[in-house]
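Q: Dropping a structure here in structure tokens format, bear with me for questions.
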Amino acid sequence: MTILHIDSSITGDNSASRAISRSIVDRLGAHNVVYRDLAADPLPHLTLDAFADTSVLDEFLAADTVVIGAPMYNFTLPSQLKAWLDRILVAGSTFRYSENGPEGLAGGKRVIIALARGGMYDAGSPAAALEHLETYLRGVFGFIGIEPEFVAADGLNISPEQRQQSIAAALGQTVRLAA
């Protein structure tokens, strides 16, 4: 099994999404892990010249499982992660348009996303309408034929106790994912 491990948090060792994504990868126990740190080695924003380079797409297509550390910045995903997504959402490779509408071509691949959010954004919360991280990623991966799995650490900026409890709960959920 080949795992593509993507991290996008800018907070380094203090990152909850990195800790959770690392735990997921460790629990999956793959011998072949390809790691890409989008904060330390960011992809440039998409240009026509950059679009011609298919190395990121090839890396994605070669993976059996993709594990993504995705923190919420300003209610959505980091621009580093968006630049990566721009390179894997490619007509004719991961989706196509047909007379019946778009069709995902990347099905069969497992995608697990470790979310980290400073506040509470679940349904019914006062900030629920501002949650554009999980909804965006669910939509994007669904568009290419993948139903992603999510592990979330929420309320990280509410208090040190809430941060600790939320990360511990998310790390506990990683056991379920490896089963």
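Ligands are numbered from 1 in the order shown, residues from 1 within each chain, and chains are lettered A, B, ... in the order they appear in the structure tokens.
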Kindly assemble as JSON lines a list of the stretch 119-176 of chain A residues that lie within 7 Å of stretch 19-41 of chain A, each paired with its nearest atom pair and their distance in Å to one decimal, using only C-alpha atoms, sorted first by chain and then by ascending residue number.
A:
```
{"residue": "A:Ala170", "atom": "CA", "partner": "A:Ile20", "partner_atom": "CA", "distance": 6.9}
{"residue": "A:Leu171", "atom": "CA", "partner": "A:Ile20", "partner_atom": "CA", "distance": 5.9}
{"residue": "A:Thr174", "atom": "CA", "partner": "A:Ile24", "partner_atom": "CA", "distance": 5.4}
{"residue": "A:Val175", "atom": "CA", "partner": "A:Arg27", "partner_atom": "CA", "distance": 6.9}
```
Q: Using all heavy atoms, can you write the selected residues to a file as a PDB file, in the first residue's frame?
A:
```
ATOM      1  N   ALA A 170      -9.516  13.223  18.907  1.00  0.00           N
ATOM      2  CA  ALA A 170      -9.208  12.990  17.491  1.00  0.00           C
ATOM      3  C   ALA A 170      -8.170  11.884  17.336  1.00  0.00           C
ATOM      4  O   ALA A 170      -8.301  11.020  16.462  1.00  0.00           O
ATOM      5  CB  ALA A 170      -8.722  14.285  16.835  1.00  0.00           C
ATOM      6  N   LEU A 171      -7.150  11.891  18.182  1.00  0.00           N
ATOM      7  CA  LEU A 171      -6.143  10.828  18.126  1.00  0.00           C
ATOM      8  C   LEU A 171      -6.782   9.475  18.421  1.00  0.00           C
ATOM      9  O   LEU A 171      -6.421   8.461  17.817  1.00  0.00           O
ATOM     10  CB  LEU A 171      -4.990  11.119  19.083  1.00  0.00           C
ATOM     11  CG  LEU A 171      -4.090  12.294  18.679  1.00  0.00           C
ATOM     12  CD1 LEU A 171      -3.096  12.609  19.796  1.00  0.00           C
ATOM     13  CD2 LEU A 171      -3.371  12.008  17.382  1.00  0.00           C
ATOM     14  N   THR A 174      -8.320   7.919  15.391  1.00  0.00           N
ATOM     15  CA  THR A 174      -7.428   7.353  14.393  1.00  0.00           C
ATOM     16  C   THR A 174      -7.334   5.837  14.520  1.00  0.00           C
ATOM     17  O   THR A 174      -7.040   5.151  13.534  1.00  0.00           O
ATOM     18  CB  THR A 174      -6.014   7.978  14.448  1.00  0.00           C
ATOM     19  OG1 THR A 174      -5.386   7.651  15.686  1.00  0.00           O
ATOM     20  CG2 THR A 174      -6.076   9.490  14.280  1.00  0.00           C
ATOM     21  N   VAL A 175      -7.605   5.295  15.687  1.00  0.00           N
ATOM     22  CA  VAL A 175      -7.609   3.842  15.884  1.00  0.00           C
ATOM     23  C   VAL A 175      -8.691   3.220  15.009  1.00  0.00           C
ATOM     24  O   VAL A 175      -8.478   2.208  14.347  1.00  0.00           O
ATOM     25  CB  VAL A 175      -7.826   3.492  17.366  1.00  0.00           C
ATOM     26  CG1 VAL A 175      -7.979   1.993  17.569  1.00  0.00           C
ATOM     27  CG2 VAL A 175      -6.693   4.045  18.218  1.00  0.00           C
TER      28      VAL A 175
END
```
Q: Hey, can you check how far atom CA of A:Thr65 sits from atom CA of A:Glu147?
A: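 Taking atom CA of A:Thr65 as the start and atom CA of A:Glu147 as the end point, the length is 12.1 Å.
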Q: Go through A:Gly145, A:Ala127, A:Thr135, A:Tyr73 one by one, measure the shortest atom-to-atom distance of each to A:Leu105 using only C-alpha atoms, and give the residue with the smallest value.
A: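 Comparing A:Gly145, A:Ala127, A:Thr135, A:Tyr73 against A:Leu105, the winner is A:Gly145.
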Q: For A:Ile88, which of A:Glu103, A:Glu149, A:Asp64, A:Asp53 is the closest residue, counting only C-alpha atoms?
A: A:Asp53
Q: I need the residues of stretch 6-179 of chain A that end up classed as alpha helix (DSSP H) by DSSP on the backbone, written out as number ranges by chain.
A: A: 16-28, 48-51, 55-62, 79-88, 134-143, 160-178
